[in-house]
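**Q** Input structure: target_35.cif, which contains mmCIF, C-alpha atoms.
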data_data
#
loop_
_atom_site.label_atom_id
_atom_site.label_comp_id
_atom_site.auth_asym_id
_atom_site.auth_seq_id
_atom_site.Cartn_x
_atom_site.Cartn_y
_atom_site.Cartn_z
CA MET A 1 79.09 125.19 76.92
CA THR A 2 81.20 128.27 77.49
CA GLY A 3 79.38 130.16 80.23
CA GLY A 4 80.49 130.82 83.76
CA ILE A 5 82.61 133.36 85.50
CA PRO A 6 86.22 133.43 84.34
CA GLY A 7 88.39 132.20 87.11
CA GLY A 8 85.40 131.42 89.27
CA ARG A 9 83.81 128.15 90.23
CA PRO A 10 82.64 126.46 87.05
CA PRO A 11 78.98 125.68 86.90
CA GLY A 12 78.07 122.04 86.95
CA PRO A 13 77.10 119.22 89.23
CA ALA A 14 78.42 119.21 92.76
CA LEU A 15 81.73 117.49 93.22
CA THR A 16 81.78 114.25 95.04
CA GLY A 17 85.30 113.79 96.24
CA HIS A 18 88.33 115.81 95.53
CA GLU A 19 87.18 119.41 95.61
CA VAL A 20 90.05 121.40 97.05
CA ALA A 21 88.49 124.83 97.33
CA ALA A 22 88.06 125.68 100.98
CA ALA A 23 88.03 128.86 103.01
CA GLY A 24 91.12 130.88 102.27
CA THR A 25 92.15 128.93 99.18
CA PRO A 26 92.25 130.61 95.77
CA PRO A 27 89.38 130.06 93.34
CA THR A 28 89.72 127.00 91.15
CA ILE A 29 91.08 127.86 87.71
CA ILE A 30 91.52 124.41 86.21
CA GLU A 31 89.89 121.14 87.08
CA ALA A 32 89.40 117.59 85.87
CA ARG A 33 86.32 115.72 87.09
CA ASP A 34 86.17 111.95 87.02
CA VAL A 35 88.19 111.78 83.83
CA VAL A 36 88.39 108.41 82.10
CA LYS A 37 90.85 107.87 79.25
CA SER A 38 91.94 104.67 77.54
CA PHE A 39 94.45 104.01 74.80
CA GLY A 40 92.92 101.14 72.86
CA GLN A 41 92.11 98.49 75.43
CA THR A 42 94.49 99.94 77.98
CA PRO A 43 92.92 102.24 80.56
CA ALA A 44 95.18 105.13 81.58
CA LEU A 45 92.76 107.12 83.73
CA ARG A 46 89.82 105.52 85.53
CA GLY A 47 87.97 108.47 86.99
CA ALA A 48 90.69 110.93 87.97
CA SER A 49 89.80 114.25 89.57
CA ILE A 50 92.09 117.16 90.35
CA ALA A 51 91.61 120.88 90.82
CA ALA A 52 94.14 123.70 91.05
CA GLY A 53 93.56 127.18 92.38
CA ALA A 54 94.72 130.34 90.64
CA GLY A 55 98.42 130.83 91.29
CA GLU A 56 98.78 127.44 92.92
CA ILE A 57 101.63 125.03 92.14
CA VAL A 58 100.34 121.45 92.23
CA ALA A 59 102.60 118.46 91.75
CA ILE A 60 101.16 115.29 90.21
CA MET A 61 103.20 112.34 91.43
CA GLY A 62 102.91 108.64 90.90
CA PRO A 63 104.76 105.59 89.67
CA SER A 64 105.56 105.04 86.00
CA GLY A 65 102.46 104.19 84.01
CA SER A 66 100.12 105.49 86.71
CA GLY A 67 98.52 107.97 84.30
CA LYS A 68 100.04 111.19 85.58
CA SER A 69 101.14 112.48 82.16
CA THR A 70 97.80 111.48 80.65
CA LEU A 71 96.09 113.51 83.35
CA LEU A 72 98.26 116.51 82.47
CA HIS A 73 97.46 116.09 78.77
CA CYS A 74 93.72 115.94 79.50
CA LEU A 75 93.92 119.03 81.73
CA ALA A 76 95.82 120.91 79.02
CA GLY A 77 93.28 120.01 76.35
CA ILE A 78 95.85 118.03 74.37
CA LEU A 79 93.89 114.80 74.87
CA ALA A 80 90.11 114.63 74.97
CA PRO A 81 88.89 112.35 77.77
CA ASP A 82 86.56 109.44 76.98
CA GLU A 83 84.42 110.37 79.97
CA GLY A 84 84.39 113.11 82.57
CA GLU A 85 84.89 116.83 82.27
CA VAL A 86 87.74 119.33 82.12
CA TRP A 87 87.07 122.92 83.13
CA PHE A 88 89.33 125.92 82.67
CA ALA A 89 88.52 129.44 83.90
CA GLY A 90 84.84 128.74 84.06
CA GLN A 91 84.44 127.04 80.71
CA ARG A 92 84.23 123.43 79.71
CA LEU A 93 87.46 122.67 77.86
CA ASP A 94 87.09 119.07 76.75
CA THR A 95 84.00 119.62 74.61
CA LEU A 96 85.47 122.54 72.66
CA PRO A 97 86.54 121.87 69.07
CA GLU A 98 90.26 121.18 68.63
CA THR A 99 90.85 124.54 66.89
CA ARG A 100 89.49 126.38 69.93
CA ARG A 101 91.45 124.21 72.37
CA SER A 102 94.54 124.87 70.30
CA GLU A 103 94.00 128.62 70.65
CA ILE A 104 93.63 128.30 74.41
CA ARG A 105 96.80 126.24 74.59
CA ARG A 106 98.63 128.90 72.61
CA ASP A 107 97.21 131.99 74.31
CA ARG A 108 96.52 130.97 77.88
CA PHE A 109 98.67 127.92 78.63
CA GLY A 110 102.42 127.45 78.71
CA PHE A 111 104.33 124.17 78.41
CA VAL A 112 107.68 122.83 79.54
CA PHE A 113 108.56 119.24 78.78
CA GLN A 114 111.30 116.89 79.90
CA SER A 115 113.75 117.85 77.19
CA GLY A 116 113.54 121.42 76.00
CA GLN A 117 112.20 120.65 72.54
CA LEU A 118 113.67 123.88 71.26
CA VAL A 119 113.52 124.44 67.51
CA PRO A 120 117.16 123.78 66.54
CA GLU A 121 117.14 126.15 63.55
CA LEU A 122 116.11 129.12 65.71
CA THR A 123 118.23 131.15 68.11
CA ALA A 124 117.42 131.00 71.79
CA GLU A 125 115.63 134.35 71.71
CA GLU A 126 113.61 133.30 68.66
CA ASN A 127 112.63 130.13 70.51
CA VAL A 128 111.47 132.17 73.49
CA ALA A 129 109.55 134.57 71.22
CA LEU A 130 107.90 131.70 69.34
CA PRO A 131 104.57 131.60 71.23
CA LEU A 132 104.20 135.35 70.67
CA LEU A 133 105.04 135.04 66.97
CA LEU A 134 102.57 132.18 66.59
CA GLY A 135 100.01 134.36 68.36
CA GLY A 136 100.43 137.03 65.70
CA ALA A 137 102.91 139.41 67.35
CA ARG A 138 105.36 141.30 65.15
CA ARG A 139 108.90 139.98 65.23
CA ALA A 140 110.48 143.05 66.82
CA ALA A 141 107.81 143.23 69.51
CA ALA A 142 108.05 139.50 70.23
CA LEU A 143 111.84 139.62 70.57
CA LYS A 144 111.56 142.66 72.83
CA GLU A 145 109.24 140.67 75.11
CA ALA A 146 111.53 137.66 74.98
CA ARG A 147 114.81 139.38 75.89
CA PRO A 148 114.19 140.27 79.56
CA TRP A 149 113.71 136.57 80.26
CA PHE A 150 117.39 135.94 79.57
CA GLY A 151 118.40 138.15 82.48
CA ARG A 152 115.70 136.78 84.74
CA LEU A 153 116.75 133.20 84.15
CA GLY A 154 120.51 133.76 84.30
CA LEU A 155 120.93 133.38 80.53
CA ASP A 156 122.55 136.71 79.67
CA GLY A 157 124.63 136.41 76.53
CA MET A 158 122.83 133.27 75.33
CA GLU A 159 120.25 135.12 73.22
CA ARG A 160 121.77 134.30 69.82
CA ARG A 161 122.83 130.75 70.56
CA ARG A 162 121.11 127.79 69.00
CA SER A 163 120.01 124.81 71.05
CA GLY A 164 123.12 122.82 70.10
CA GLU A 165 125.25 125.52 71.72
CA LEU A 166 123.43 125.41 75.05
CA SER A 167 123.94 123.03 77.97
CA GLY A 168 120.99 120.91 79.03
CA GLY A 169 120.22 123.21 81.94
CA GLN A 170 120.47 126.33 79.77
CA ALA A 171 118.23 124.81 77.10
CA GLN A 172 115.66 123.93 79.74
CA ARG A 173 115.72 127.49 81.07
CA VAL A 174 115.16 128.75 77.51
CA ALA A 175 112.23 126.34 77.30
CA LEU A 176 110.93 127.73 80.60
CA ALA A 177 111.18 131.29 79.23
CA ARG A 178 109.27 130.13 76.14
CA GLY A 179 106.62 128.59 78.34
CA MET A 180 106.24 131.79 80.35
CA VAL A 181 106.73 134.54 77.76
CA ALA A 182 103.08 134.85 76.80
CA ARG A 183 102.16 135.21 80.49
CA PRO A 184 100.07 132.05 80.58
CA GLU A 185 97.43 131.48 83.21
CA VAL A 186 98.52 127.86 83.59
CA LEU A 187 101.97 126.41 83.02
CA PHE A 188 102.08 122.66 82.38
CA ALA A 189 105.43 121.14 83.25
CA ASP A 190 105.96 117.43 82.51
CA GLU A 191 109.12 116.15 84.25
CA PRO A 192 110.81 119.51 83.56
CA THR A 193 114.03 118.41 85.26
CA GLY A 194 113.94 114.80 84.09
CA SER A 195 116.97 115.09 81.81
CA LEU A 196 119.06 117.34 84.06
CA ASP A 197 121.59 116.69 86.81
CA SER A 198 120.41 117.55 90.32
CA VAL A 199 122.04 120.98 90.56
CA SER A 200 120.80 122.14 87.13
CA GLY A 201 117.38 120.71 87.88
CA GLU A 202 117.22 122.58 91.14
CA LEU A 203 118.04 125.85 89.40
CA VAL A 204 115.27 125.26 86.86
CA MET A 205 112.77 124.51 89.63
CA SER A 206 113.82 127.51 91.69
CA LEU A 207 113.52 129.84 88.69
CA MET A 208 110.25 128.28 87.59
CA THR A 209 108.58 128.66 90.96
CA ARG A 210 109.85 132.22 91.38
CA ALA A 211 108.72 133.31 87.91
CA THR A 212 105.31 131.68 88.16
CA ARG A 213 104.68 133.06 91.65
CA GLU A 214 105.62 136.56 90.46
CA GLN A 215 103.16 136.32 87.59
CA GLY A 216 100.49 134.46 89.54
CA THR A 217 100.67 131.58 87.08
CA THR A 218 99.15 128.26 88.13
CA VAL A 219 101.53 125.34 87.62
CA ILE A 220 100.60 121.72 86.98
CA LEU A 221 103.84 119.86 87.55
CA VAL A 222 104.19 116.18 86.71
CA THR A 223 107.15 114.56 88.42
CA HIS A 224 108.21 111.29 89.98
CA ASP A 225 110.93 113.12 91.92
CA ALA A 226 109.96 114.07 95.47
CA ARG A 227 112.62 116.77 95.66
CA VAL A 228 111.07 118.42 92.59
CA ALA A 229 107.55 117.99 93.98
CA ALA A 230 108.70 119.75 97.16
CA TYR A 231 108.76 123.03 95.22
CA ALA A 232 104.98 122.76 94.78
CA ASP A 233 102.37 123.99 97.22
CA ARG A 234 100.90 120.50 97.45
CA GLU A 235 100.99 117.17 95.73
CA VAL A 236 98.48 114.65 94.50
CA VAL A 237 99.37 111.03 93.87
CA VAL A 238 98.02 109.19 90.82
CA ARG A 239 97.79 105.46 91.26
CA ASP A 240 96.21 103.07 88.75
CA GLY A 241 94.54 105.92 86.94
CA THR A 242 92.87 107.58 89.91
CA VAL A 243 93.96 110.38 92.20
CA SER A 244 94.58 109.29 95.75
CA ALA A 245 92.05 111.13 97.87
CA LEU A 246 94.32 111.16 100.89
CA ALA A 247 97.13 112.82 99.02
CA VAL A 248 94.74 115.51 97.79
CA ALA A 249 94.04 116.45 101.36
CA SER A 250 97.63 116.12 102.49
CA SER A 251 98.76 119.72 102.66
CA GLY A 252 95.94 121.23 104.62
CA ALA A 253 92.98 120.37 106.73
CA PRO A 254 91.26 117.14 105.77
CA GLN A 255 88.70 117.81 103.07
CA MET B 1 127.32 115.20 116.34
CA SER B 2 130.42 115.11 118.52
CA VAL B 3 130.44 118.38 120.41
CA PRO B 4 133.96 117.95 121.88
CA LEU B 5 135.55 117.22 118.50
CA THR B 6 133.60 120.00 116.81
CA LEU B 7 134.73 122.49 119.45
CA LEU B 8 138.29 121.22 119.09
CA GLY B 9 138.00 121.73 115.34
CA LEU B 10 136.89 125.31 115.89
CA LEU B 11 139.81 125.78 118.29
CA GLU B 12 142.23 124.60 115.65
CA ARG B 13 141.48 127.78 113.65
CA GLU B 14 142.65 130.03 116.47
CA PRO B 15 142.69 130.17 120.25
CA SER B 16 139.27 131.29 121.42
CA HIS B 17 137.16 132.07 124.45
CA GLY B 18 134.28 129.83 125.36
CA TYR B 19 131.87 132.55 124.39
CA ASP B 20 133.30 132.80 120.86
CA LEU B 21 133.24 129.02 120.47
CA LYS B 22 129.60 128.85 121.48
CA ARG B 23 128.71 131.63 119.06
CA ASP B 24 130.54 129.96 116.17
CA TYR B 25 129.13 126.54 117.02
CA ASP B 26 125.58 127.92 117.08
CA THR B 27 126.15 129.79 113.82
CA TRP B 28 127.53 126.86 111.88
CA PHE B 29 126.17 123.77 113.55
CA GLY B 30 123.47 124.77 116.05
CA ARG B 31 120.55 125.36 113.69
CA GLY B 32 117.76 125.68 116.16
CA LYS B 33 119.60 123.76 118.87
CA PRO B 34 122.08 126.17 120.45
CA LEU B 35 124.75 124.78 122.73
CA PRO B 36 124.15 125.60 126.42
CA TYR B 37 126.95 127.64 128.01
CA GLY B 38 127.32 125.02 130.71
CA GLN B 39 128.06 122.36 128.15
CA VAL B 40 130.63 124.56 126.40
CA TYR B 41 132.60 125.21 129.59
CA ALA B 42 132.28 121.64 130.86
CA THR B 43 133.52 120.33 127.52
CA LEU B 44 136.44 122.77 127.44
CA SER B 45 137.42 121.76 131.00
CA ARG B 46 137.43 118.09 130.00
CA LEU B 47 139.45 118.80 126.87
CA ALA B 48 141.99 120.69 129.00
CA ARG B 49 142.05 117.86 131.56
CA ASP B 50 142.70 115.32 128.79
CA GLY B 51 145.51 117.36 127.25
CA LYS B 52 143.62 118.19 124.05
CA ALA B 53 143.51 121.91 124.83
CA ILE B 54 145.15 124.25 127.28
CA ALA B 55 143.48 127.07 129.11
CA GLY B 56 145.16 130.44 129.39
CA PRO B 57 145.02 132.50 132.56
CA ALA B 58 141.70 133.99 133.51
CA GLU B 59 141.35 137.40 131.93
CA HIS B 60 139.77 140.03 134.07
CA GLY B 61 137.56 142.53 132.41
CA GLU B 62 134.00 143.54 132.21
CA GLY B 63 131.68 140.68 132.98
CA PRO B 64 132.73 137.22 134.16
CA ASP B 65 136.28 135.95 134.13
CA ARG B 66 137.21 134.63 130.73
CA LYS B 67 139.79 132.09 129.70
CA ARG B 68 141.24 131.69 126.27
CA TYR B 69 141.68 128.10 125.13
CA ALA B 70 144.23 126.83 122.61
CA ILE B 71 144.40 123.41 120.96
CA THR B 72 147.36 121.09 121.67
CA GLU B 73 149.18 118.74 119.30
CA ALA B 74 147.16 115.86 120.77
CA GLY B 75 143.98 117.81 120.06
CA ILE B 76 145.01 118.48 116.47
CA ALA B 77 145.75 114.77 116.03
CA ASP B 78 142.24 113.92 117.31
CA VAL B 79 140.61 116.37 114.91
CA GLU B 80 142.67 115.07 112.02
CA HIS B 81 141.75 111.48 112.82
CA TRP B 82 138.06 112.33 113.21
CA LEU B 83 137.90 114.18 109.88
CA SER B 84 139.66 111.41 107.97
CA GLU B 85 137.63 108.44 109.21
CA PRO B 86 134.21 107.64 107.81
CA THR B 87 131.17 108.10 110.00
CA PRO B 88 129.47 104.72 110.42
CA PRO B 89 126.62 104.56 107.92
CA GLU B 90 123.42 104.35 109.92
CA PRO B 91 121.36 101.55 108.49
CA HIS B 92 118.12 102.64 110.15
CA LEU B 93 117.05 99.02 110.21
CA GLN B 94 114.71 99.40 113.15
CA THR B 95 112.82 102.55 112.30
CA VAL B 96 109.38 103.48 113.50
CA LEU B 97 108.23 103.53 109.86
CA PHE B 98 109.16 99.90 109.45
CA ALA B 99 107.64 98.84 112.77
CA LYS B 100 104.35 100.58 112.02
CA VAL B 101 103.99 98.96 108.61
CA VAL B 102 104.72 95.47 109.93
CA LEU B 103 102.42 95.85 112.92
CA ALA B 104 99.61 97.27 110.79
CA LEU B 105 99.88 94.30 108.44
CA MET B 106 100.02 91.81 111.33
CA LEU B 107 96.92 93.31 112.87
CA GLY B 108 95.05 93.60 109.58
CA ARG B 109 94.94 97.38 109.90
CA PRO B 110 95.22 99.68 106.86
CA ALA B 111 98.96 99.92 106.25
CA ASP B 112 98.36 101.71 102.96
CA HIS B 113 96.58 104.48 104.82
CA TYR B 114 99.52 104.83 107.17
CA LEU B 115 101.96 104.97 104.25
CA ASP B 116 99.85 107.63 102.54
CA VAL B 117 99.76 109.92 105.57
CA GLN B 118 103.45 109.30 106.15
CA ARG B 119 104.20 110.25 102.53
CA ALA B 120 102.19 113.45 102.94
CA ALA B 121 104.03 114.31 106.16
CA HIS B 122 107.41 113.64 104.53
CA LEU B 123 106.54 115.83 101.55
CA GLN B 124 105.37 118.60 103.84
CA ARG B 125 108.74 118.52 105.61
CA MET B 126 110.48 118.49 102.22
CA ARG B 127 108.53 121.61 101.24
CA GLU B 128 109.69 123.34 104.42
CA LEU B 129 113.31 122.41 103.75
CA THR B 130 112.99 123.51 100.10
CA ASP B 131 111.63 126.82 101.32
CA LEU B 132 114.62 127.13 103.66
CA LYS B 133 116.90 126.55 100.69
CA GLU B 134 115.14 129.19 98.61
CA LYS B 135 115.40 131.81 101.32
CA GLY B 136 118.67 130.88 102.98
CA ASP B 137 122.34 131.03 102.17
CA LEU B 138 124.62 128.31 100.90
CA MET B 139 125.06 126.83 104.39
CA ASP B 140 121.30 126.54 104.78
CA THR B 141 121.13 124.93 101.37
CA LEU B 142 123.76 122.35 102.24
CA LEU B 143 122.03 121.46 105.48
CA ALA B 144 118.56 121.39 103.94
CA ASP B 145 119.84 119.17 101.10
CA HIS B 146 121.12 116.65 103.62
CA GLY B 147 117.66 116.46 105.15
CA LEU B 148 115.96 116.38 101.75
CA TYR B 149 118.00 113.45 100.47
CA HIS B 150 117.27 111.46 103.61
CA LEU B 151 113.56 112.18 103.40
CA GLU B 152 113.64 111.26 99.73
CA ALA B 153 115.20 107.93 100.62
CA ASP B 154 112.37 107.29 103.08
CA LEU B 155 109.84 108.22 100.42
CA ARG B 156 111.32 105.79 97.95
CA TRP B 157 111.08 103.09 100.59
CA ILE B 158 107.46 104.09 101.23
CA ASP B 159 106.60 103.82 97.52
CA HIS B 160 108.47 100.55 97.19
CA THR B 161 106.73 99.10 100.25
CA GLU B 162 103.33 100.29 99.10
CA ALA B 163 103.81 98.50 95.79
CA ARG B 164 104.48 95.21 97.61
CA LEU B 165 102.00 95.56 100.43
CA ASP B 166 99.90 92.53 99.48
CA MET B 167 102.93 90.27 99.44
CA LEU B 168 104.17 91.69 102.72
CA ALA B 169 100.77 91.17 104.33
CA GLN B 170 100.89 87.48 103.39
CA ALA B 171 104.40 87.19 104.79
CA VAL B 172 103.64 88.69 108.21
CA GLN B 173 100.28 86.95 108.64
CA GLN B 174 101.66 83.47 108.13
#
Any chance you could put this one into structure tokens?
**A**
Amino acid sequence: MTGGIPGGRPPGPALTGHEVAAAGTPPTIIEARDVVKSFGQTPALRGASIAAGAGEIVAIMGPSGSGKSTLLHCLAGILAPDEGEVWFAGQRLDTLPETRRSEIRRDRFGFVFQSGQLVPELTAEENVALPLLLGGARRAAALKEARPWFGRLGLDGMERRRSGELSGGQAQRVALARGMVARPEVLFADEPTGSLDSVSGELVMSLMTRATREQGTTVILVTHDARVAAYADREVVVRDGTVSALAVASSGAPQ
Amino acid sequence: MSVPLTLLGLLEREPSHGYDLKRDYDTWFGRGKPLPYGQVYATLSRLARDGKAIAGPAEHGEGPDRKRYAITEAGIADVEHWLSEPTPPEPHLQTVLFAKVVLALMLGRPADHYLDVQRAAHLQRMRELTDLKEKGDLMDTLLADHGLYHLEADLRWIDHTEARLDMLAQAVQQ
């Protein structure tokens, strides 16, 4: 099923609990509804629901093993849920074939993980340009798109360095540029400051929120760190595989 | 916050009028809670009485009479002592948070609900302080960070408590 209005409310049954759209809030762009996911006999998600509006920064918090990263992976179409639905920009994501989900991940989503995961053989600017190259852009055009990110993220002069020649904070900013270069509609960030000291982590969060707000990019941010979550517009708490309803309603009027 | 010692510290930079001290205090330390003029002049009078500062002659000019205050050796010694000794760590052992959780458990009321709304309120305040950091200067950042780390400590206690709520309920209901 691929119908619906891009960026609008996805068609489907009425939501029961955690709908966040209310007067004055942006239209929902990405949503998980009652998602269940197990790994073997171990349940990770037991009916988790979350929705994020266009341009919104939502932090997913929760203790270790609560299922917050699994929820991010289901939202991003990396994992297919056992039950429930995932919607993105008006289309059902979880029932698409993997090749199609892979295209959406490449063309419309960006990713930043705990440690940069830069390709060590490539220079920093090649790493940033990578999503564009994989999307079929010519090398010169991709590098031209990539370069302004170095100035924006305080990385001037680092363009030709390889990941081994960058500090942890610099590498993570390169990873952020890579996640943002293709102007994604949703950026998924899984503990993006987890391997950084507090000052470097703060810089990454400050730059990430500024860049995504400028571009109107929605951010799904998984973190266990409250100071990182405080950069988001609101937080949800995942506990035992479900999203705490109270936390969903925490930043505004009760839903 | 010790207002007398802070004013003395500001005086150690250079002799100043009460007006200048109030302005500097509000700029650096006031943050939404400016020092009343009355308190500034009362404090300066006490410091002069106690030999920590001396007041110059009243200067006549436009507006009210003004006196310039200068720090004394005794005042400098006080500032030096204050800045070198640790501030007593506040253990916060009798906080409202703690009392509410224990009472809720004693009365069989939903302590987890209270902890959830408290977490949301803490995070909301952390967002405001983070916003202040993003928009402010380095002084704002330093001040906001102090608040953020304290709120974070509360949040960790909230999470920790929530994880042990069943055990705590048994303990207080015995």
**Q** Show me, as a list of chain:residue names, the residues that have an atom within 8 Å of A:Gly241 when counting all atoms listed in the file, minus same-chain residues fewer than 2 positions from it.
**A** A:Pro43, A:Ala44, A:Leu45, A:Arg46, A:Gly47, A:Ala48, A:Ser66, A:Gly67, A:Lys68, A:Val238, A:Arg239, A:Val243
**Q** List the residues selected by the PyMOL selection byres ((chain A and resi 93) around 10) in the file shown, writing them as a compact mmCIF listing (two decimals) with C-alpha atoms, keeping the file's coordinate frame.
**A**
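This is the output file expr.txt:
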# COMPACT_ATOMS: atom_id res chain seq x y z
CA MET A 1 79.09 125.19 76.92
CA THR A 2 81.20 128.27 77.49
CA ILE A 30 91.52 124.41 86.21
CA GLU A 31 89.89 121.14 87.08
CA ALA A 32 89.40 117.59 85.87
CA CYS A 74 93.72 115.94 79.50
CA LEU A 75 93.92 119.03 81.73
CA ALA A 76 95.82 120.91 79.02
CA GLY A 77 93.28 120.01 76.35
CA ALA A 80 90.11 114.63 74.97
CA GLU A 85 84.89 116.83 82.27
CA VAL A 86 87.74 119.33 82.12
CA TRP A 87 87.07 122.92 83.13
CA PHE A 88 89.33 125.92 82.67
CA ALA A 89 88.52 129.44 83.90
CA GLY A 90 84.84 128.74 84.06
CA GLN A 91 84.44 127.04 80.71
CA ARG A 92 84.23 123.43 79.71
CA ASP A 94 87.09 119.07 76.75
CA THR A 95 84.00 119.62 74.61
CA LEU A 96 85.47 122.54 72.66
CA PRO A 97 86.54 121.87 69.07
CA GLU A 98 90.26 121.18 68.63
CA ARG A 100 89.49 126.38 69.93
CA ARG A 101 91.45 124.21 72.37
CA ILE A 104 93.63 128.30 74.41
**Q** Got a sec to resolve the PyMOL selection byres ((chain B and resi 128-137) around 12) on this structure and send the residues as JSON, numbers by chain?
**A** {"A": [202, 203, 205, 206, 207, 209, 210, 226, 227, 228, 229, 230, 231, 232, 233, 234, 251], "B": [28, 31, 121, 122, 123, 124, 125, 126, 127, 138, 139, 140, 141, 142, 143, 144, 145, 146, 147, 148, 149, 150, 151, 152]}
**Q** Using all atoms listed in the file - which residues lie no farther than 10 Å from the point (117.7, 123.5, 72.7) in the file's frame? Write them as a VMD selection string.
**A** chain A and resid 115 to 124 127 161 to 175
**Q** Could you dump the residues just selected with C-alpha atoms as a PDB file, keeping the file's coordinate frame?
**A**
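Wrote it out as result_5.pdb, contents follow:
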ATOM      1  CA  SER A 115     113.750 117.850  77.190  1.00  0.00           C
ATOM      2  CA  GLY A 116     113.540 121.420  76.000  1.00  0.00           C
ATOM      3  CA  GLN A 117     112.200 120.650  72.540  1.00  0.00           C
ATOM      4  CA  LEU A 118     113.670 123.880  71.260  1.00  0.00           C
ATOM      5  CA  VAL A 119     113.520 124.440  67.510  1.00  0.00           C
ATOM      6  CA  PRO A 120     117.160 123.780  66.540  1.00  0.00           C
ATOM      7  CA  GLU A 121     117.140 126.150  63.550  1.00  0.00           C
ATOM      8  CA  LEU A 122     116.110 129.120  65.710  1.00  0.00           C
ATOM      9  CA  THR A 123     118.230 131.150  68.110  1.00  0.00           C
ATOM     10  CA  ALA A 124     117.420 131.000  71.790  1.00  0.00           C
ATOM     11  CA  ASN A 127     112.630 130.130  70.510  1.00  0.00           C
ATOM     12  CA  ARG A 161     122.830 130.750  70.560  1.00  0.00           C
ATOM     13  CA  ARG A 162     121.110 127.790  69.000  1.00  0.00           C
ATOM     14  CA  SER A 163     120.010 124.810  71.050  1.00  0.00           C
ATOM     15  CA  GLY A 164     123.120 122.820  70.100  1.00  0.00           C
ATOM     16  CA  GLU A 165     125.250 125.520  71.720  1.00  0.00           C
ATOM     17  CA  LEU A 166     123.430 125.410  75.050  1.00  0.00           C
ATOM     18  CA  SER A 167     123.940 123.030  77.970  1.00  0.00           C
ATOM     19  CA  GLY A 168     120.990 120.910  79.030  1.00  0.00           C
ATOM     20  CA  GLY A 169     120.220 123.210  81.940  1.00  0.00           C
ATOM     21  CA  GLN A 170     120.470 126.330  79.770  1.00  0.00           C
ATOM     22  CA  ALA A 171     118.230 124.810  77.100  1.00  0.00           C
ATOM     23  CA  GLN A 172     115.660 123.930  79.740  1.00  0.00           C
ATOM     24  CA  ARG A 173     115.720 127.490  81.070  1.00  0.00           C
ATOM     25  CA  VAL A 174     115.160 128.750  77.510  1.00  0.00           C
ATOM     26  CA  ALA A 175     112.230 126.340  77.300  1.00  0.00           C
TER      27      ALA A 175
END
**Q** Which residues, written as a list of chain:residue names, have at least one atom at most 10 Å from stretch 102-104 of chain B, with only C-alpha atoms counted and residues fewer than 5 positions away on the same chain left out?
**A**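 Result of the neighbour search: B:Val96, B:Leu97, B:Arg109, B:Pro110, B:Ala111, B:Asp112, B:His113, B:Tyr114, B:Leu165, B:Leu168, B:Ala169, B:Ala171, B:Val172, B:Gln173.
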**Q** Take the residues from that selection and write them out as a short mmCIF file (atom, residue, chain, number, x, y, z; two decimals), in the coordinates of the input, keeping C-alpha atoms.
**A**
data_model
loop_
_atom_site.label_atom_id
_atom_site.label_comp_id
_atom_site.auth_asym_id
_atom_site.auth_seq_id
_atom_site.Cartn_x
_atom_site.Cartn_y
_atom_site.Cartn_z
CA VAL B 96 109.38 103.48 113.50
CA LEU B 97 108.23 103.53 109.86
CA ARG B 109 94.94 97.38 109.90
CA PRO B 110 95.22 99.68 106.86
CA ALA B 111 98.96 99.92 106.25
CA ASP B 112 98.36 101.71 102.96
CA HIS B 113 96.58 104.48 104.82
CA TYR B 114 99.52 104.83 107.17
CA LEU B 165 102.00 95.56 100.43
CA LEU B 168 104.17 91.69 102.72
CA ALA B 169 100.77 91.17 104.33
CA ALA B 171 104.40 87.19 104.79
CA VAL B 172 103.64 88.69 108.21
CA GLN B 173 100.28 86.95 108.64
#
**Q** Please list as a list in words every residue within 8 Å of B:Arg66, counting only C-alpha atoms and excluding residues in the same chain fewer than 3 positions away.
**A** His17, Gly18, Ala58, Glu59 and His60 of chain B
**Q** So how far away is atom CA of B:Leu115 from atom CA of B:Lys33, in Å?
**A** 29.6 Å
**Q** Between atom CA of A:Val236 and atom CA of A:His224, what distance in Å does the model show, to one decimal?
**A**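 These atoms are spaced 11.2 Å apart.
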**Q** Can you give me, as a PyMOL selection string, the residues this file yields under the PyMOL selection byres ((chain A and resi 135-150) around 12)?
**A** chain A and resi 102-108+123-134+151-161+170-171+173-183+207-208+211
**Q** Between B:Ala153, B:Ala99, B:Val3, B:Ala120, single out the one closest to chain A, counting all atoms listed in the file.
**A**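 Of all the options, B:Ala120 lies closest to chain A.
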**Q** Using all atoms listed in the file, find the one residue out of A:Val219, A:Val112, A:Val199, A:Ile29 that sits nearest to chain B.
**A**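 Smallest distance to chain B is found for A:Val199.
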**Q** Output as AutoDock Vina command-line options the centre and edge lengths (Å, one decimal) of the box along x, y and z of the file that holds every listed atom of stretch 166-185 of chain A after adding 3 Å on each side.
**A**
--center_x 110.7 --center_y 128.1 --center_z 79.1 --size_x 32.5 --size_y 20.3 --size_z 14.2
**Q** Atom CA of B:Lys22 and atom CA of B:Gln39, how far apart in Å?
**A**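 Separation of atom CA of B:Gln39 and atom CA of B:Lys22: 9.4 Å.
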**Q** So, counting all atoms listed in the file, which residue among B:Ala74, B:Leu21, B:Val117, B:Leu107 is closest to chain A?
**A** B:Val117
**Q** Can you list, as a ChimeraX atom specification, every protein, DNA or RNA residue that comes within 12 Å of B:Ala42 when you count only C-alpha atoms, leaving out same-chain residues fewer than 4 positions away?
**A** /B:3-4,7,18,35-38,46-49
**Q** Using only C-alpha atoms, which of B:Ala55, B:Glu162, B:Thr6, B:Glu80 sits nearest chain A?
**A**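 Checking each candidate against chain A, we get B:Glu162 as the closest.
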